[in-house]
$ cat target-v4.cif   # mmCIF, C-alpha atoms and all ligand atoms
data_coords
#
loop_
_atom_site.group_PDB
_atom_site.id
_atom_site.type_symbol
_atom_site.label_atom_id
_atom_site.label_comp_id
_atom_site.auth_asym_id
_atom_site.auth_seq_id
_atom_site.Cartn_x
_atom_site.Cartn_y
_atom_site.Cartn_z
ATOM 1 C CA VAL B 196 114.854 7.278 -5.534
ATOM 2 C CA LEU B 197 111.092 7.670 -5.910
ATOM 3 C CA PHE B 198 109.449 4.525 -7.354
ATOM 4 C CA THR B 199 105.656 4.729 -7.675
ATOM 5 C CA TYR B 200 102.798 5.614 -10.094
ATOM 6 C CA LEU B 201 103.580 9.132 -11.379
ATOM 7 C CA HIS B 202 101.315 9.918 -14.407
ATOM 8 C CA LEU B 203 103.360 13.050 -15.148
ATOM 9 C CA ALA B 204 102.131 13.891 -18.682
ATOM 10 C CA PRO B 205 98.969 15.657 -17.440
ATOM 11 C CA ALA B 206 100.698 17.019 -14.263
ATOM 12 C CA PRO B 207 103.047 19.984 -14.933
ATOM 13 C CA GLU B 208 103.212 21.123 -11.277
ATOM 14 C CA LEU B 209 104.124 17.659 -10.020
ATOM 15 C CA THR B 210 106.743 17.293 -12.751
ATOM 16 C CA ARG B 211 108.259 20.681 -11.869
ATOM 17 C CA ALA B 212 108.429 19.680 -8.183
ATOM 18 C CA LEU B 213 110.188 16.415 -9.061
ATOM 19 C CA ILE B 214 112.661 18.252 -11.329
ATOM 20 C CA ASP B 215 113.410 20.737 -8.511
ATOM 21 C CA SER B 216 113.832 17.935 -5.963
ATOM 22 C CA GLY B 217 116.841 16.457 -7.781
ATOM 23 C CA ALA B 218 115.445 12.969 -7.079
ATOM 24 C CA ILE B 219 115.543 9.942 -9.387
ATOM 25 C CA CYS B 220 111.904 9.267 -10.274
ATOM 26 C CA ILE B 221 110.735 5.961 -11.771
ATOM 27 C CA ALA B 222 107.113 5.655 -12.928
ATOM 28 C CA TYR B 223 105.425 2.281 -12.346
ATOM 29 C CA GLU B 224 103.137 2.823 -15.326
ATOM 30 C CA THR B 225 105.991 3.072 -17.841
ATOM 31 C CA VAL B 226 108.098 0.131 -16.620
ATOM 32 C CA GLU B 227 107.940 -1.985 -19.800
ATOM 33 C CA THR B 228 109.322 -5.432 -20.627
ATOM 34 C CA ASP B 229 111.106 -6.281 -23.897
ATOM 35 C CA ASP B 230 107.887 -7.829 -25.238
ATOM 36 C CA ARG B 231 106.068 -4.542 -24.513
ATOM 37 C CA ARG B 232 104.079 -5.689 -21.482
ATOM 38 C CA LEU B 233 103.469 -3.232 -18.608
ATOM 39 C CA PRO B 234 104.010 -5.519 -15.583
ATOM 40 C CA LEU B 235 103.239 -2.876 -12.946
ATOM 41 C CA LEU B 236 99.933 -1.840 -14.558
ATOM 42 C CA ALA B 237 98.658 -5.375 -15.159
ATOM 43 C CA PRO B 238 97.828 -6.188 -11.502
ATOM 44 C CA MET B 239 95.567 -3.120 -11.243
ATOM 45 C CA SER B 240 93.817 -4.092 -14.487
ATOM 46 C CA GLU B 241 93.241 -7.568 -13.073
ATOM 47 C CA VAL B 242 91.729 -6.136 -9.883
ATOM 48 C CA ALA B 243 89.563 -3.569 -11.712
ATOM 49 C CA GLY B 244 88.374 -6.223 -14.176
ATOM 50 C CA ARG B 245 87.397 -8.652 -11.430
ATOM 51 C CA LEU B 246 85.617 -5.885 -9.518
ATOM 52 C CA ALA B 247 83.604 -4.639 -12.498
ATOM 53 C CA PRO B 248 80.892 -7.381 -12.523
ATOM 54 C CA GLN B 249 80.632 -7.136 -8.725
ATOM 55 C CA MET B 250 80.049 -3.358 -8.889
ATOM 56 C CA GLY B 251 77.761 -3.771 -11.899
ATOM 57 C CA ALA B 252 75.714 -6.484 -10.178
ATOM 58 C CA HIS B 253 75.187 -4.197 -7.174
ATOM 59 C CA ALA B 254 74.211 -1.253 -9.409
ATOM 60 C CA LEU B 255 71.671 -3.510 -11.188
ATOM 61 C CA GLU B 256 69.737 -3.918 -7.929
ATOM 62 C CA ARG B 257 66.498 -1.909 -7.875
ATOM 63 C CA PRO B 258 67.288 0.049 -4.655
ATOM 64 C CA GLN B 259 70.473 1.248 -6.400
ATOM 65 C CA GLY B 260 68.478 2.511 -9.402
ATOM 66 C CA GLY B 261 69.155 -0.538 -11.572
ATOM 67 C CA ARG B 262 66.771 -2.753 -13.524
ATOM 68 C CA GLY B 263 66.426 -5.197 -10.674
ATOM 69 C CA MET B 264 68.147 -8.153 -12.350
ATOM 70 C CA LEU B 265 70.079 -10.958 -10.749
ATOM 71 C CA LEU B 266 73.235 -11.572 -12.780
ATOM 72 C CA GLY B 267 72.963 -15.340 -12.719
ATOM 73 C CA GLY B 268 69.165 -15.709 -12.910
ATOM 74 C CA VAL B 269 67.670 -18.782 -11.177
ATOM 75 C CA ALA B 270 66.123 -22.041 -12.368
ATOM 76 C CA GLY B 271 63.518 -21.059 -14.955
ATOM 77 C CA VAL B 272 64.676 -17.407 -15.133
ATOM 78 C CA ALA B 273 67.203 -16.237 -17.724
ATOM 79 C CA PRO B 274 70.459 -14.710 -16.496
ATOM 80 C CA ALA B 275 71.428 -11.095 -17.120
ATOM 81 C CA LYS B 276 73.322 -10.254 -20.315
ATOM 82 C CA VAL B 277 76.757 -8.792 -19.619
ATOM 83 C CA VAL B 278 78.543 -7.114 -22.545
ATOM 84 C CA VAL B 279 82.283 -6.504 -22.158
ATOM 85 C CA LEU B 280 83.776 -3.966 -24.605
ATOM 86 C CA GLY B 281 87.491 -4.778 -24.999
ATOM 87 C CA GLY B 282 88.890 -8.218 -24.131
ATOM 88 C CA GLY B 283 92.316 -7.235 -22.785
ATOM 89 C CA ILE B 284 93.430 -7.755 -19.187
ATOM 90 C CA VAL B 285 90.472 -5.853 -17.696
ATOM 91 C CA GLY B 286 87.992 -7.394 -20.129
ATOM 92 C CA TYR B 287 89.176 -10.991 -19.660
ATOM 93 C CA ASN B 288 89.078 -10.703 -15.867
ATOM 94 C CA ALA B 289 85.626 -9.073 -15.983
ATOM 95 C CA ALA B 290 84.342 -11.838 -18.249
ATOM 96 C CA LEU B 291 85.861 -14.538 -16.051
ATOM 97 C CA ILE B 292 83.963 -13.301 -12.980
ATOM 98 C CA ALA B 293 80.736 -12.632 -14.906
ATOM 99 C CA VAL B 294 80.864 -16.181 -16.329
ATOM 100 C CA GLY B 295 81.469 -17.448 -12.790
ATOM 101 C CA MET B 296 78.347 -15.560 -11.652
ATOM 102 C CA GLN B 297 76.430 -17.483 -14.370
ATOM 103 C CA ALA B 298 75.641 -14.421 -16.510
ATOM 104 C CA ASP B 299 75.216 -14.563 -20.300
ATOM 105 C CA VAL B 300 78.558 -12.983 -21.258
ATOM 106 C CA TRP B 301 79.474 -11.314 -24.554
ATOM 107 C CA ILE B 302 82.911 -9.867 -25.343
ATOM 108 C CA LEU B 303 83.523 -7.432 -28.212
ATOM 109 C CA ASP B 304 87.116 -6.780 -29.308
ATOM 110 C CA ARG B 305 88.846 -5.639 -32.472
ATOM 111 C CA SER B 306 91.902 -7.909 -32.352
ATOM 112 C CA ILE B 307 91.360 -11.282 -34.019
ATOM 113 C CA ASP B 308 94.500 -12.654 -32.354
ATOM 114 C CA ARG B 309 93.195 -11.649 -28.935
ATOM 115 C CA MET B 310 89.770 -13.136 -29.643
ATOM 116 C CA ARG B 311 91.428 -16.435 -30.608
ATOM 117 C CA GLU B 312 93.214 -16.450 -27.247
ATOM 118 C CA LEU B 313 90.098 -15.565 -25.248
ATOM 119 C CA ASP B 314 87.927 -18.428 -26.449
ATOM 120 C CA PRO B 315 89.982 -21.233 -24.840
ATOM 121 C CA MET B 316 90.881 -19.019 -21.861
ATOM 122 C CA LEU B 317 87.164 -18.773 -21.044
ATOM 123 C CA ASP B 318 86.491 -22.375 -21.967
ATOM 124 C CA GLY B 319 84.039 -21.285 -24.667
ATOM 125 C CA ARG B 320 81.688 -19.909 -22.017
ATOM 126 C CA ALA B 321 81.479 -16.380 -23.474
ATOM 127 C CA THR B 322 80.296 -15.264 -26.916
ATOM 128 C CA ILE B 323 83.131 -13.383 -28.607
ATOM 129 C CA VAL B 324 82.243 -10.942 -31.373
ATOM 130 C CA MET B 325 84.163 -8.481 -33.596
ATOM 131 C CA SER B 326 83.647 -4.941 -32.309
ATOM 132 C CA THR B 327 81.941 -2.764 -34.933
ATOM 133 C CA THR B 328 79.442 0.062 -34.431
ATOM 134 C CA LEU B 329 76.679 -2.272 -35.657
ATOM 135 C CA GLU B 330 77.610 -5.059 -33.213
ATOM 136 C CA VAL B 331 77.916 -2.595 -30.312
ATOM 137 C CA GLU B 332 74.447 -1.236 -31.096
ATOM 138 C CA ARG B 333 73.005 -4.754 -31.314
ATOM 139 C CA ALA B 334 74.604 -5.741 -28.022
ATOM 140 C CA LEU B 335 73.290 -2.633 -26.231
ATOM 141 C CA GLU B 336 69.657 -3.393 -27.098
ATOM 142 C CA ASP B 337 69.290 -6.313 -24.695
ATOM 143 C CA ALA B 338 72.263 -5.743 -22.389
ATOM 144 C CA ASP B 339 71.675 -5.505 -18.658
ATOM 145 C CA LEU B 340 75.286 -4.617 -17.800
ATOM 146 C CA VAL B 341 77.925 -3.158 -20.150
ATOM 147 C CA ILE B 342 81.556 -3.056 -19.002
ATOM 148 C CA GLY B 343 83.863 -0.639 -20.858
ATOM 149 C CA ALA B 344 87.424 -2.010 -20.962
ATOM 150 C CA VAL B 345 88.961 -0.763 -24.218
ATOM 151 C CA LEU B 346 92.443 0.681 -24.499
ATOM 152 C CA VAL B 347 94.245 2.149 -27.474
ATOM 153 C CA PRO B 348 97.820 2.535 -26.168
ATOM 154 C CA GLY B 349 98.932 6.137 -25.816
ATOM 155 C CA ALA B 350 95.520 7.542 -26.758
ATOM 156 C CA ARG B 351 92.291 8.557 -25.085
ATOM 157 C CA ALA B 352 89.741 5.741 -24.974
ATOM 158 C CA PRO B 353 87.515 5.618 -28.110
ATOM 159 C CA LYS B 354 83.885 6.596 -27.424
ATOM 160 C CA LEU B 355 82.159 3.362 -28.404
ATOM 161 C CA VAL B 356 78.781 4.327 -26.919
ATOM 162 C CA THR B 357 77.405 7.774 -27.749
ATOM 163 C CA ARG B 358 74.647 9.548 -25.831
ATOM 164 C CA GLU B 359 72.252 8.795 -28.678
ATOM 165 C CA MET B 360 73.005 5.067 -28.341
ATOM 166 C CA LEU B 361 71.786 5.110 -24.713
ATOM 167 C CA GLY B 362 68.313 5.359 -26.260
ATOM 168 C CA LEU B 363 68.755 1.779 -27.530
ATOM 169 C CA MET B 364 69.238 0.480 -23.982
ATOM 170 C CA ARG B 365 66.734 -0.782 -21.466
ATOM 171 C CA PRO B 366 65.819 1.578 -18.605
ATOM 172 C CA GLY B 367 67.846 0.700 -15.511
ATOM 173 C CA ALA B 368 70.625 -1.019 -17.479
ATOM 174 C CA VAL B 369 74.091 -0.353 -16.064
ATOM 175 C CA LEU B 370 77.313 0.904 -17.650
ATOM 176 C CA VAL B 371 80.587 0.323 -15.769
ATOM 177 C CA ASP B 372 83.300 2.407 -17.475
ATOM 178 C CA VAL B 373 86.606 0.932 -16.314
ATOM 179 C CA ALA B 374 88.406 2.902 -19.056
ATOM 180 C CA ILE B 375 87.394 6.159 -17.348
ATOM 181 C CA ASP B 376 91.029 6.767 -16.321
ATOM 182 C CA GLN B 377 91.788 7.200 -20.046
ATOM 183 C CA GLY B 378 88.762 9.448 -20.611
ATOM 184 C CA GLY B 379 86.125 6.692 -20.711
ATOM 185 C CA CYS B 380 84.591 4.747 -23.612
ATOM 186 C CA PHE B 381 81.028 6.020 -23.152
ATOM 187 C CA GLU B 382 80.305 9.604 -24.268
ATOM 188 C CA THR B 383 78.245 10.222 -21.127
ATOM 189 C CA SER B 384 80.941 9.041 -18.661
ATOM 190 C CA HIS B 385 82.595 11.335 -16.158
ATOM 191 C CA PRO B 386 84.834 10.256 -13.260
ATOM 192 C CA THR B 387 83.133 9.386 -9.969
ATOM 193 C CA THR B 388 84.394 8.378 -6.525
ATOM 194 C CA HIS B 389 83.867 5.397 -4.218
ATOM 195 C CA SER B 390 81.740 7.571 -1.907
ATOM 196 C CA ASP B 391 79.359 8.547 -4.765
ATOM 197 C CA PRO B 392 80.045 6.018 -7.525
ATOM 198 C CA THR B 393 76.961 6.164 -9.785
ATOM 199 C CA TYR B 394 74.718 8.632 -11.611
ATOM 200 C CA VAL B 395 71.926 8.237 -14.178
ATOM 201 C CA VAL B 396 71.790 9.591 -17.756
ATOM 202 C CA ASP B 397 68.696 8.938 -19.904
ATOM 203 C CA GLY B 398 67.614 6.142 -17.531
ATOM 204 C CA VAL B 399 70.968 4.302 -17.730
ATOM 205 C CA VAL B 400 73.005 3.909 -14.529
ATOM 206 C CA HIS B 401 76.694 4.893 -14.930
ATOM 207 C CA TYR B 402 79.494 3.652 -12.617
ATOM 208 C CA CYS B 403 82.759 5.469 -13.456
ATOM 209 C CA VAL B 404 85.155 5.210 -10.496
ATOM 210 C CA ALA B 405 88.610 6.139 -11.757
ATOM 211 C CA ASN B 406 90.481 4.185 -9.073
ATOM 212 C CA MET B 407 88.459 0.984 -8.728
ATOM 213 C CA PRO B 408 91.256 -1.039 -7.021
ATOM 214 C CA GLY B 409 91.099 1.443 -4.094
ATOM 215 C CA ALA B 410 87.864 -0.287 -3.025
ATOM 216 C CA VAL B 411 89.803 -3.454 -2.169
ATOM 217 C CA PRO B 412 93.126 -2.135 -0.801
ATOM 218 C CA ILE B 413 94.292 -5.375 0.804
ATOM 219 C CA SER B 414 93.986 -7.393 -2.416
ATOM 220 C CA SER B 415 95.262 -4.510 -4.561
ATOM 221 C CA THR B 416 98.319 -3.810 -2.422
ATOM 222 C CA ARG B 417 99.270 -7.476 -2.359
ATOM 223 C CA ALA B 418 98.813 -7.801 -6.121
ATOM 224 C CA LEU B 419 100.863 -4.677 -6.742
ATOM 225 C CA THR B 420 103.700 -5.473 -4.374
ATOM 226 C CA ASN B 421 104.018 -8.976 -5.844
ATOM 227 C CA ALA B 422 104.866 -7.197 -9.106
ATOM 228 C CA THR B 423 106.988 -4.329 -7.715
ATOM 229 C CA LEU B 424 109.037 -6.214 -5.113
ATOM 230 C CA PRO B 425 111.576 -7.777 -7.517
ATOM 231 C CA TYR B 426 112.406 -4.300 -8.874
ATOM 232 C CA LEU B 427 112.586 -2.839 -5.346
ATOM 233 C CA GLU B 428 114.978 -5.571 -4.255
ATOM 234 C CA LEU B 429 117.158 -4.887 -7.270
ATOM 235 C CA LEU B 430 117.238 -1.161 -6.490
ATOM 236 C CA ALA B 431 117.985 -1.774 -2.813
ATOM 237 C CA ASP B 432 120.646 -4.427 -3.409
ATOM 238 C CA ARG B 433 122.427 -2.955 -6.446
ATOM 239 C CA GLY B 434 121.670 0.766 -6.373
ATOM 240 C CA PHE B 435 120.033 2.742 -9.171
ATOM 241 C CA GLU B 436 122.701 2.598 -11.905
ATOM 242 C CA ARG B 437 123.378 -1.153 -11.627
ATOM 243 C CA ALA B 438 119.663 -1.918 -11.286
ATOM 244 C CA ILE B 439 118.691 -0.202 -14.551
ATOM 245 C CA GLY B 440 121.604 -1.889 -16.298
ATOM 246 C CA LEU B 441 120.383 -5.296 -15.104
ATOM 247 C CA ALA B 442 116.690 -4.617 -15.734
ATOM 248 C CA PRO B 443 116.000 -2.708 -18.981
ATOM 249 C CA ALA B 444 112.288 -2.752 -18.082
ATOM 250 C CA LEU B 445 113.075 -0.570 -15.074
ATOM 251 C CA ALA B 446 115.210 1.797 -17.187
ATOM 252 C CA ARG B 447 112.190 2.401 -19.443
ATOM 253 C CA GLY B 448 110.282 3.660 -16.400
ATOM 254 C CA VAL B 449 112.813 6.338 -15.445
ATOM 255 C CA SER B 450 111.096 9.711 -15.906
ATOM 256 C CA VAL B 451 113.213 12.312 -14.065
ATOM 257 C CA VAL B 452 116.909 12.197 -13.058
ATOM 258 C CA ASP B 453 118.931 15.007 -11.476
ATOM 259 C CA GLY B 454 116.507 17.689 -12.588
ATOM 260 C CA GLN B 455 116.240 16.392 -16.199
ATOM 261 C CA VAL B 456 113.209 14.775 -17.866
ATOM 262 C CA THR B 457 114.280 11.391 -19.305
ATOM 263 C CA SER B 458 110.842 10.328 -20.575
ATOM 264 C CA GLN B 459 110.236 11.549 -24.116
ATOM 265 C CA PRO B 460 106.398 11.409 -23.915
ATOM 266 C CA VAL B 461 106.423 13.401 -20.653
ATOM 267 C CA ALA B 462 108.839 15.997 -22.085
ATOM 268 C CA GLU B 463 106.734 16.327 -25.238
ATOM 269 C CA ALA B 464 103.453 16.571 -23.323
ATOM 270 C CA LEU B 465 104.753 19.338 -21.072
ATOM 271 C CA GLY B 466 107.021 21.186 -23.525
ATOM 272 C CA LEU B 467 110.153 20.451 -21.470
ATOM 273 C CA PRO B 468 113.620 19.514 -22.770
ATOM 274 C CA PHE B 469 114.180 15.739 -23.125
ATOM 275 C CA VAL B 470 117.513 14.223 -22.112
ATOM 276 C CA PRO B 471 118.081 10.501 -22.911
ATOM 277 C CA LEU B 472 118.776 8.498 -19.768
ATOM 278 C CA ALA B 473 122.019 7.107 -21.234
ATOM 279 C CA GLU B 474 123.488 10.633 -21.339
ATOM 280 C CA LEU B 475 122.978 11.034 -17.603
ATOM 281 C CA VAL B 476 124.041 7.657 -16.252
ATOM 282 C CA GLY B 477 126.565 6.577 -18.832
ATOM 283 C CA GLU B 478 127.326 2.954 -19.524
ATOM 284 C CA ALA B 479 125.276 1.448 -16.711
ATOM 285 C CA ALA B 480 122.054 2.297 -18.582
HETATM 286 N N1 LIG B 501 89.198 2.474 -13.459
HETATM 287 C C1 LIG B 501 90.199 1.776 -12.957
HETATM 288 O O1 LIG B 501 90.332 1.668 -11.737
HETATM 289 C C2 LIG B 501 91.175 1.065 -13.865
HETATM 290 C C3 LIG B 501 92.102 0.141 -13.353
HETATM 291 C C4 LIG B 501 92.935 -0.539 -14.246
HETATM 292 C C5 LIG B 501 92.861 -0.281 -15.633
HETATM 293 N N2 LIG B 501 91.964 0.656 -16.088
HETATM 294 C C6 LIG B 501 91.799 0.974 -17.519
HETATM 295 O O2 LIG B 501 91.104 -0.066 -18.180
HETATM 296 C C7 LIG B 501 91.365 0.019 -19.572
HETATM 297 C C8 LIG B 501 91.723 -1.354 -20.149
HETATM 298 O O3 LIG B 501 92.990 -1.765 -19.644
HETATM 299 P P1 LIG B 501 93.654 -3.182 -20.028
HETATM 300 O O4 LIG B 501 94.813 -3.353 -19.111
HETATM 301 O O5 LIG B 501 92.618 -4.233 -20.089
HETATM 302 O O6 LIG B 501 94.196 -2.875 -21.506
HETATM 303 P P2 LIG B 501 94.576 -3.982 -22.622
HETATM 304 O O7 LIG B 501 95.482 -3.284 -23.576
HETATM 305 O O8 LIG B 501 95.000 -5.254 -21.976
HETATM 306 O O9 LIG B 501 93.181 -4.278 -23.353
HETATM 307 C C9 LIG B 501 92.502 -3.352 -24.160
HETATM 308 C C10 LIG B 501 91.694 -4.128 -25.199
HETATM 309 O O10 LIG B 501 90.853 -3.185 -25.893
HETATM 310 C C11 LIG B 501 90.736 -3.666 -27.211
HETATM 311 N N3 LIG B 501 90.194 -2.597 -28.077
HETATM 312 C C12 LIG B 501 90.823 -1.506 -28.572
HETATM 313 N N4 LIG B 501 89.956 -0.784 -29.319
HETATM 314 C C13 LIG B 501 88.762 -1.447 -29.294
HETATM 315 C C14 LIG B 501 87.476 -1.221 -29.867
HETATM 316 N N5 LIG B 501 87.232 -0.145 -30.638
HETATM 317 N N6 LIG B 501 86.496 -2.117 -29.610
HETATM 318 C C15 LIG B 501 86.715 -3.191 -28.829
HETATM 319 N N7 LIG B 501 87.913 -3.452 -28.260
HETATM 320 C C16 LIG B 501 88.914 -2.596 -28.486
HETATM 321 C C17 LIG B 501 92.153 -4.125 -27.558
HETATM 322 O O11 LIG B 501 92.164 -4.992 -28.688
HETATM 323 C C18 LIG B 501 92.554 -4.837 -26.263
HETATM 324 O O12 LIG B 501 92.248 -6.221 -26.286
HETATM 325 C C19 LIG B 501 92.497 1.068 -19.695
HETATM 326 O O13 LIG B 501 91.920 2.311 -20.039
HETATM 327 C C20 LIG B 501 93.059 1.129 -18.305
HETATM 328 O O14 LIG B 501 93.708 2.365 -18.045
HETATM 329 C C21 LIG B 501 91.141 1.329 -15.222
#

$ encode --input "target-v4.cif" --output "structure tokens" --more "lines below"
Ligand SMILES: NC(=O)c1ccc[n+]([C@@H]2O[C@H](COP(=O)([O-])OP(=O)(O)OC[C@H]3O[C@@H](n4cnc5c(N)ncnc54)[C@H](O)[C@@H]3O)[C@@H](O)[C@H]2O)c1
Amino acid sequence: VLFTYLHLAPAPELTRALIDSGAICIAYETVETDDRRLPLLAPMSEVAGRLAPQMGAHALERPQGGRGMLLGGVAGVAPAKVVVLGGGIVGYNAALIAVGMQADVWILDRSIDRMRELDPMLDGRATIVMSTTLEVERALEDADLVIGAVLVPGARAPKLVTREMLGLMRPGAVLVDVAIDQGGCFETSHPTTHSDPTYVVDGVVHYCVANMPGAVPISSTRALTNATLPYLELLADRGFERAIGLAPALARGVSVVDGQVTSQPVAEALGLPFVPLAELVGEAA
């Protein structure tokens, strides 16, 4: 049984190899609870969100090409303005750290329900605004750091900041595109690595590392294994068929079994036949 992040939809060769192996393959990223949460993705979003202001603050330093702003300001000097696009798990955690660093924090989201939750969660210490093109443009004009954290489930990230809109921004302002693993929410984003994390377009510094949690492997591994261990114990103690019967969330993560693709989105993305899991493992599933 292979139980890890798989991301098979864009990976035909990997999928073929797993089909040929005959192994049971369970994808962390599609393990889904009854209330539609993704418990094995959430810890990485928490880590990436908490890292984003830290990486952005570093990129804002003048020797790094940034404006030369201290996030929290000092007595008599205004703090930097941090704009967080998307107030989900990444966005909340980014805002929490930016507020803790004494920045002037703005969050833009489209979900009124989520915005109602965020206000008390952040103790009223961030300004929370409905995300429209007009509000994004307004926020960009005096932003020092913009953190992209939007997600539309099952779709590429929407491009909330076009190249033209970079012209509204101050020279040396910083964009951190956490959503880069879903294509990025700035038109000018392209994936970068920890060894060369930033580049400049039209005077604006871009940080677009696709695997941000890799920068802090001790914290990330602990956060991830806290979430995966209960499922691992179930698999080890009960075996695959009993485990997926006891934990429907785990069953939803099963992607390949005995050479058959049991994930409909993966089968559709790669043009392969889809076989429902229940047909392969009978009543246990
Ligand atoms: N780069 C990395 O290392 C890394 C790590 C973890 C997660 N991520 C990515 O970060 C992104 C966010 O993940 P998450 O777990 O916070 O998702 P989430 O679903 O918890 O939050 C996404 C938020 O975006 C909001 N949103 C959607 N469209 C919007 C719009 N047009 N304007 C403003 N807000 C909008 C939603 O209402 C929601 O609150 C995802 O793309 C995820 O894959 C990247």

$ resolve_selection --input "target-v4.cif" --expression "the PyMOL selection byres (((not hetatm)) within 8 of (chain B and resi 501))" --output "PyMOL selection string"
chain B and resi 236-244+280-287+303-306+309+325-327+343-348+352-353+355+372-379+403-409

$ closest_residue --input "target-v4.cif" --among "B:Pro460, B:Pro234, B:Pro468, B:Gly261" --to "Ala204 of chain B" --atoms "only C-alpha atoms"
B:Pro460

$ resolve_selection --input "target-v4.cif" --expression "the PyMOL selection byres (((chain B and resi 298) around 12) and not hetatm)" --output "ChimeraX atom specification"
/B:248-249,251-252,264-269,272-279,289-297,299-301,320-322,338-340

$ resolve_selection --input "target-v4.cif" --expression "the PyMOL selection byres (((chain B and resi 217-233) around 8) and not hetatm)" --output "list in words"
Val196, Leu197, Phe198, Thr199, Tyr200, Leu201, His202, Leu213, Ile214, Asp215, Ser216, Pro234, Leu235, Leu236, Ala237, Pro443, Ala444, Leu445, Ala446, Arg447, Gly448, Val449, Ser450, Val451, Val452, Asp453 and Gly454 of chain B

$ atom_distance --input "target-v4.cif" --atom1 "atom CA of Leu246 of chain B" --atom2 "atom CA of His401 of chain B"
15.0 Å

$ residues_around --input "target-v4.cif" --residues "Pro205 of chain B" --least-positions-apart "3" --cutoff "10 Å" --atoms "all atoms listed in the file" --output "ChimeraX atom specification"
/B:202,208-210,461,464-465

$ atom_distance --input "target-v4.cif" --atom1 "atom CA of Glu336 of chain B" --atom2 "atom CA of Thr357 of chain B"
13.6 Å

$ residues_around --input "target-v4.cif" --residues "Leu467 of chain B" --least-positions-apart "6" --cutoff "10 Å" --atoms "all atoms listed in the file" --output "list in words"
Pro207, Thr210, Arg211, Gln455, Val456, Gln459 and Val461 of chain B

$ closest_residue --input "target-v4.cif" --among "B:Ala206, B:Leu370, B:Leu255, B:Met364" --to "Asp337 of chain B" --atoms "only C-alpha atoms"
B:Met364

$ atom_distance --input "target-v4.cif" --atom1 "atom CA of Ile413 of chain B" --atom2 "atom CA of Pro425 of chain B"
19.3 Å

$ closest_residue --input "target-v4.cif" --among "B:Leu203, B:Tyr402, B:Ile302, B:Thr383" --to "His253 of chain B" --atoms "only C-alpha atoms"
B:Tyr402

$ decode --input "target-v4.cif" --residues "segment 368-378 of chain B" --atoms "N, CA, C and O atoms" --output "PDB file, in the first residue's frame"
ATOM      1  N   ALA B 368       7.685  46.712  -4.120  1.00  0.00           N
ATOM      2  CA  ALA B 368       6.666  45.956  -3.377  1.00  0.00           C
ATOM      3  C   ALA B 368       6.852  44.470  -3.696  1.00  0.00           C
ATOM      4  O   ALA B 368       7.490  44.109  -4.692  1.00  0.00           O
ATOM      5  N   VAL B 369       6.304  43.626  -2.842  1.00  0.00           N
ATOM      6  CA  VAL B 369       6.560  42.178  -2.955  1.00  0.00           C
ATOM      7  C   VAL B 369       5.253  41.421  -3.121  1.00  0.00           C
ATOM      8  O   VAL B 369       4.267  41.695  -2.408  1.00  0.00           O
ATOM      9  N   LEU B 370       5.248  40.469  -4.054  1.00  0.00           N
ATOM     10  CA  LEU B 370       4.132  39.523  -4.193  1.00  0.00           C
ATOM     11  C   LEU B 370       4.625  38.151  -3.752  1.00  0.00           C
ATOM     12  O   LEU B 370       5.653  37.680  -4.236  1.00  0.00           O
ATOM     13  N   VAL B 371       3.895  37.502  -2.843  1.00  0.00           N
ATOM     14  CA  VAL B 371       4.180  36.107  -2.483  1.00  0.00           C
ATOM     15  C   VAL B 371       2.995  35.283  -2.985  1.00  0.00           C
ATOM     16  O   VAL B 371       1.880  35.434  -2.470  1.00  0.00           O
ATOM     17  N   ASP B 372       3.211  34.455  -4.003  1.00  0.00           N
ATOM     18  CA  ASP B 372       2.087  33.710  -4.604  1.00  0.00           C
ATOM     19  C   ASP B 372       2.048  32.284  -4.059  1.00  0.00           C
ATOM     20  O   ASP B 372       2.624  31.362  -4.642  1.00  0.00           O
ATOM     21  N   VAL B 373       1.349  32.119  -2.933  1.00  0.00           N
ATOM     22  CA  VAL B 373       1.266  30.780  -2.326  1.00  0.00           C
ATOM     23  C   VAL B 373       0.449  29.845  -3.224  1.00  0.00           C
ATOM     24  O   VAL B 373       0.684  28.641  -3.265  1.00  0.00           O
ATOM     25  N   ALA B 374      -0.488  30.416  -3.990  1.00  0.00           N
ATOM     26  CA  ALA B 374      -1.355  29.599  -4.851  1.00  0.00           C
ATOM     27  C   ALA B 374      -0.652  29.131  -6.125  1.00  0.00           C
ATOM     28  O   ALA B 374      -1.292  28.592  -7.024  1.00  0.00           O
ATOM     29  N   ILE B 375       0.673  29.308  -6.174  1.00  0.00           N
ATOM     30  CA  ILE B 375       1.417  28.953  -7.390  1.00  0.00           C
ATOM     31  C   ILE B 375       1.265  27.463  -7.731  1.00  0.00           C
ATOM     32  O   ILE B 375       1.323  27.080  -8.902  1.00  0.00           O
ATOM     33  N   ASP B 376       1.031  26.618  -6.718  1.00  0.00           N
ATOM     34  CA  ASP B 376       0.889  25.181  -7.028  1.00  0.00           C
ATOM     35  C   ASP B 376      -0.402  24.897  -7.800  1.00  0.00           C
ATOM     36  O   ASP B 376      -0.560  23.822  -8.365  1.00  0.00           O
ATOM     37  N   GLN B 377      -1.323  25.855  -7.834  1.00  0.00           N
ATOM     38  CA  GLN B 377      -2.535  25.717  -8.650  1.00  0.00           C
ATOM     39  C   GLN B 377      -2.476  26.682  -9.833  1.00  0.00           C
ATOM     40  O   GLN B 377      -3.502  27.102 -10.349  1.00  0.00           O
ATOM     41  N   GLY B 378      -1.271  27.087 -10.222  1.00  0.00           N
ATOM     42  CA  GLY B 378      -1.115  27.964 -11.383  1.00  0.00           C
ATOM     43  C   GLY B 378      -0.856  29.417 -11.020  1.00  0.00           C
ATOM     44  O   GLY B 378      -0.443  30.199 -11.865  1.00  0.00           O
TER      45      GLY B 378
END
